[in-house]
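K.L.:
Sharing work_9.pdb (PDB, C-alpha atoms) below.
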MODEL        1
ATOM      1  CA  MET A   1     -39.678  18.849  -9.004
ATOM      2  CA  MET A   2     -41.939  17.660  -6.199
ATOM      3  CA  ALA A   3     -42.040  19.392  -2.847
ATOM      4  CA  VAL A   4     -39.898  17.532  -0.343
ATOM      5  CA  GLY A   5     -42.790  16.959   2.044
ATOM      6  CA  LYS A   6     -44.755  15.173  -0.688
ATOM      7  CA  LEU A   7     -42.120  12.600  -1.642
ATOM      8  CA  LYS A   8     -43.008   9.001  -1.012
ATOM      9  CA  THR A   9     -40.380   6.668   0.412
ATOM     10  CA  ASN A  10     -39.715   5.001  -2.959
ATOM     11  CA  ASP A  11     -39.378   8.400  -4.654
ATOM     12  CA  LEU A  12     -36.914   9.542  -2.005
ATOM     13  CA  LYS A  13     -34.872   6.355  -2.440
ATOM     14  CA  ALA A  14     -34.824   6.872  -6.221
ATOM     15  CA  VAL A  15     -33.610  10.469  -5.833
ATOM     16  CA  ARG A  16     -30.866   9.394  -3.432
ATOM     17  CA  LEU A  17     -29.671   6.606  -5.731
ATOM     18  CA  TYR A  18     -29.641   9.027  -8.672
ATOM     19  CA  ASN A  19     -27.698  11.657  -6.703
ATOM     20  CA  MET A  20     -25.093   9.025  -5.768
ATOM     21  CA  GLY A  21     -24.650   8.104  -9.414
ATOM     22  CA  LEU A  22     -26.058   4.616  -8.996
ATOM     23  CA  THR A  23     -28.928   4.722 -11.512
ATOM     24  CA  THR A  24     -27.072   6.115 -14.519
ATOM     25  CA  ARG A  25     -23.530   5.164 -15.443
ATOM     26  CA  ALA A  26     -20.963   7.956 -15.656
ATOM     27  CA  ASN A  27     -19.179   8.588 -18.949
ATOM     28  CA  SER A  28     -15.824   7.772 -17.405
ATOM     29  CA  LEU A  29     -14.272   6.543 -14.207
ATOM     30  CA  LEU A  30     -12.997  10.021 -13.412
ATOM     31  CA  ASP A  31     -16.510  11.445 -13.878
ATOM     32  CA  ALA A  32     -17.892   8.814 -11.511
ATOM     33  CA  ILE A  33     -15.379   9.717  -8.815
ATOM     34  CA  SER A  34     -15.826  13.459  -9.343
ATOM     35  CA  THR A  35     -19.625  13.235  -9.186
ATOM     36  CA  THR A  36     -19.474  11.859  -5.664
ATOM     37  CA  VAL A  37     -16.659  14.226  -4.529
ATOM     38  CA  GLY A  38     -14.777  11.344  -2.993
ATOM     39  CA  ILE A  39     -15.527   7.711  -2.285
ATOM     40  CA  GLN A  40     -14.943   6.615   1.296
ATOM     41  CA  ALA A  41     -12.941   3.424   1.098
ATOM     42  CA  GLN A  42     -10.895   1.882   3.863
ATOM     43  CA  GLN A  43     -10.008  -1.071   1.654
ATOM     44  CA  PRO A  44      -8.458  -0.382  -1.777
ATOM     45  CA  ASN A  45     -10.482  -3.044  -3.592
ATOM     46  CA  ALA A  46     -13.755  -1.605  -2.251
ATOM     47  CA  ALA A  47     -12.834   1.793  -3.690
ATOM     48  CA  ILE A  48     -11.929   0.307  -7.038
ATOM     49  CA  MET A  49     -15.118  -1.746  -7.214
ATOM     50  CA  ASN A  50     -17.277   1.210  -6.158
ATOM     51  CA  ALA A  51     -15.791   3.491  -8.810
ATOM     52  CA  VAL A  52     -15.775   0.878 -11.572
ATOM     53  CA  ILE A  53     -19.440  -0.028 -10.979
ATOM     54  CA  ARG A  54     -20.487   3.620 -11.300
ATOM     55  CA  ALA A  55     -18.870   3.908 -14.729
ATOM     56  CA  SER A  56     -19.122   0.415 -16.250
ATOM     57  CA  SER A  57     -15.365   0.529 -16.443
ATOM     58  CA  ASP A  58     -12.583  -1.854 -15.517
ATOM     59  CA  LYS A  59      -9.558  -2.033 -13.249
ATOM     60  CA  HIS A  60      -7.263  -1.284 -16.211
ATOM     61  CA  GLU A  61      -8.732   2.216 -16.626
ATOM     62  CA  PHE A  62      -8.579   2.662 -12.867
ATOM     63  CA  ASN A  63      -4.875   1.722 -12.803
ATOM     64  CA  GLN A  64      -4.114   4.175 -15.620
ATOM     65  CA  LEU A  65      -5.759   7.015 -13.676
ATOM     66  CA  ALA A  66      -3.882   6.027 -10.509
ATOM     67  CA  GLU A  67      -0.537   5.889 -12.324
ATOM     68  CA  THR A  68      -1.024   9.384 -13.779
ATOM     69  CA  GLU A  69      -2.219  10.620 -10.368
ATOM     70  CA  SER A  70      -5.528  11.750 -11.838
ATOM     71  CA  ILE A  71      -7.066  10.034  -8.826
ATOM     72  CA  VAL A  72      -5.680   9.830  -5.326
ATOM     73  CA  ARG A  73      -6.345   7.722  -2.268
ATOM     74  CA  THR A  74      -5.817   9.726   0.870
ATOM     75  CA  TRP A  75      -7.300  10.988   4.124
ATOM     76  CA  GLY A  76      -9.588  13.743   2.945
ATOM     77  CA  GLN A  77     -12.822  14.001   4.853
ATOM     78  CA  ARG A  78     -13.425  13.145   8.501
ATOM     79  CA  TRP A  79      -9.831  11.779   8.534
ATOM     80  CA  THR A  80     -11.007   8.571   6.909
ATOM     81  CA  LEU A  81      -9.542   7.119   3.754
ATOM     82  CA  GLN A  82     -11.118   8.530   0.588
ATOM     83  CA  LEU A  83     -10.741   8.148  -3.150
ATOM     84  CA  PHE A  84     -10.709  11.519  -4.971
ATOM     85  CA  SER A  85     -10.101  13.023  -8.335
ATOM     86  CA  GLN A  86      -6.948  15.149  -8.112
ATOM     87  CA  GLU A  87      -9.051  18.305  -8.537
ATOM     88  CA  ASP A  88     -11.448  17.387  -5.713
ATOM     89  CA  TYR A  89      -8.531  16.408  -3.487
ATOM     90  CA  ASN A  90      -7.010  19.865  -3.927
ATOM     91  CA  LEU A  91     -10.306  21.545  -2.991
ATOM     92  CA  VAL A  92     -11.027  19.350   0.014
ATOM     93  CA  ILE A  93      -7.512  19.439   1.421
ATOM     94  CA  GLY A  94      -7.358  23.209   0.921
ATOM     95  CA  GLU A  95     -10.270  23.479   3.335
ATOM     96  CA  ARG A  96      -8.758  21.054   5.850
ATOM     97  CA  LYS A  97      -5.225  22.415   6.216
ATOM     98  CA  ASN A  98      -5.999  24.271   9.432
ATOM     99  CA  GLU A  99      -8.044  21.488  10.974
ATOM    100  CA  ALA A 100      -6.505  19.668  13.914
ATOM    101  CA  ILE A 101      -6.145  15.915  13.903
ATOM    102  CA  PRO A 102      -7.604  14.487  17.141
ATOM    103  CA  LYS A 103      -4.902  14.219  19.835
ATOM    104  CA  ALA A 104      -5.752  10.584  20.600
ATOM    105  CA  TYR A 105      -4.582   9.594  17.102
ATOM    106  CA  PHE A 106      -0.989  10.499  18.020
ATOM    107  CA  LEU A 107      -0.723   7.926  20.842
ATOM    108  CA  ASN A 108       1.380  10.409  22.862
ATOM    109  CA  GLN A 109       3.941  10.537  20.033
ATOM    110  CA  GLU A 110       3.174  13.994  18.572
ATOM    111  CA  LYS A 111       6.838  15.067  18.332
ATOM    112  CA  LEU A 112       7.830  11.857  16.553
ATOM    113  CA  VAL A 113       4.920  12.131  14.109
ATOM    114  CA  GLU A 114       5.769  15.780  13.437
ATOM    115  CA  GLU A 115       9.456  14.945  12.890
ATOM    116  CA  VAL A 116       8.712  12.144  10.423
ATOM    117  CA  ALA A 117       6.061  14.208   8.601
ATOM    118  CA  GLU A 118       8.452  17.145   8.196
ATOM    119  CA  LYS A 119      11.164  14.870   6.788
ATOM    120  CA  MET A 120       8.701  13.191   4.439
ATOM    121  CA  VAL A 121       7.484  16.521   3.056
ATOM    122  CA  THR A 122      10.855  16.995   1.378
ATOM    123  CA  SER A 123      11.296  13.346   0.386
ATOM    124  CA  GLU A 124      10.280  11.725  -2.852
ATOM    125  CA  ILE A 125       8.304   8.996  -1.081
ATOM    126  CA  LYS A 126       4.864   8.649  -2.663
ATOM    127  CA  HIS A 127       3.791   5.252  -1.316
ATOM    128  CA  TRP A 128       3.885   3.835   2.180
ATOM    129  CA  ASP A 129       6.143   0.817   2.257
ATOM    130  CA  SER A 130       6.880  -0.461   5.769
ATOM    131  CA  ASN A 131      10.409  -1.685   4.953
ATOM    132  CA  LEU A 132      11.346   1.562   3.216
ATOM    133  CA  MET A 133       9.891   3.626   6.062
ATOM    134  CA  GLN A 134      11.833   1.623   8.679
ATOM    135  CA  ALA A 135      15.050   2.083   6.689
ATOM    136  CA  LYS A 136      14.555   5.787   6.039
ATOM    137  CA  PHE A 137      13.134   6.592   9.484
ATOM    138  CA  PRO A 138      14.685   4.211  12.050
ATOM    139  CA  MET A 139      12.923   6.095  14.833
ATOM    140  CA  LEU A 140       9.685   4.434  13.679
ATOM    141  CA  LYS A 141      10.867   0.973  14.716
ATOM    142  CA  GLY A 142       8.178  -0.596  16.895
ATOM    143  CA  THR A 143       5.632   2.148  16.189
ATOM    144  CA  ARG A 144       3.514   0.617  13.436
ATOM    145  CA  ASN A 145       0.349   2.099  14.953
ATOM    146  CA  LEU A 146       1.557   5.588  13.960
ATOM    147  CA  LYS A 147       1.326   4.900  10.224
ATOM    148  CA  TYR A 148      -2.123   6.392   9.790
ATOM    149  CA  VAL A 149      -1.579   9.521  11.853
ATOM    150  CA  ILE A 150       1.642  10.194   9.927
ATOM    151  CA  LEU A 151      -0.238   9.832   6.634
ATOM    152  CA  GLN A 152      -3.055  12.010   7.965
ATOM    153  CA  SER A 153      -0.537  14.646   9.059
ATOM    154  CA  LEU A 154       1.011  14.668   5.603
ATOM    155  CA  THR A 155      -2.403  14.927   3.985
ATOM    156  CA  ARG A 156      -3.268  17.886   6.207
ATOM    157  CA  LEU A 157      -0.060  19.508   4.999
ATOM    158  CA  GLY A 158      -1.245  18.876   1.444
ATOM    159  CA  SER A 159       2.081  17.323   0.552
ATOM    160  CA  PHE A 160       1.557  13.578   0.394
ATOM    161  CA  ILE A 161      -0.574  11.324  -1.723
ATOM    162  CA  CYS A 162      -1.171   7.816  -0.444
ATOM    163  CA  ASN A 163      -1.609   6.464  -3.934
ATOM    164  CA  SER A 164      -1.017   2.851  -3.041
ATOM    165  CA  TRP A 165      -3.785   0.635  -4.403
ATOM    166  CA  GLY A 166      -2.867  -2.822  -3.474
TER
ENDMDL
END
Step by step, read the file and then write its structure as structure tokens.

P.N.:
Amino acid sequence: MMAVGKLKTNDLKAVRLYNMGLTTRANSLLDAISTTVGIQAQQPNAAIMNAVIRASSDKHEFNQLAETESIVRTWGQRWTLQLFSQEDYNLVIGERKNEAIPKAYFLNQEKLVEEVAEKMVTSEIKHWDSNLMQAKFPMLKGTRNLKYVILQSLTRLGSFICNSWG
């Protein structure tokens, strides 16, 4: 391997592309996601496309992995939405459990967020559905801006997978 100081710009770009899994296709979709230890993806279709491109796969394989919860979409790193293999999710979230979510995210509703998160920990809810959430937690009425901090709180607790893809 060349010394870092001797790399030319094109060589550095090639190394970075290789390390991101963009020059050689992964053997499977799960390998592609695991190689990157999470794909940052605010929009579900961007995550799917990113993963599928890295493995020359298709959305069908992606859906199978999502249905079996081999991959998860959740707030893992930097409190932004990420796509992880289940194994990587467990490692990352294990390291984040004691990390505080920024106070500003709570919009002065920390007690409400805590109350809903605690109730959701024991529920069977796996996907965020606004109508279901309003019915199950009437105290959320008119607080749609709390959705993400509630999901982030649950992720920090390691008890919720936002595995909604569409």

K.L.:
Could you tell me which residues the PyMOL selection byres ((chain A and resi 139-151) around 9) grabs in this file, written as a list in words?

P.N.:
Thr74, Trp75, Ile101, Tyr105, Phe106, Leu107, Gln109, Leu112, Val113, Glu114, Val116, Ala117, Trp128, Ser130, Met133, Gln134, Lys136, Phe137, Pro138, Gln152, Ser153, Leu154, Thr155, Arg156, Phe160, Ile161 and Cys162 of chain A

K.L.:
Would you mind reading off the distance between CA of Ala41 (chain A) and CA of Ser85 (chain A), one decimal, in Å?

P.N.:
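It comes out at 13.8 Å.
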
K.L.:
Residues picked by the PyMOL selection byres ((chain A and resi 52) around 12) here, as number ranges by chain?

P.N.:
A: 21-22, 25-33, 39, 45-51, 53-63, 65

K.L.:
Return the single residue from A:Leu157, A:Asn108, A:Gln82, A:Gln64 that is closest to Thr122 (chain A), with distances computed using all atoms listed in the file.

P.N.:
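Result for the nearest residue to Thr122 (chain A): A:Leu157.
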
K.L.:
Could you tell me how far CA of Thr35 (chain A) sits from CA of Lys13 (chain A), in Å to one decimal place?

P.N.:
18.0 Å
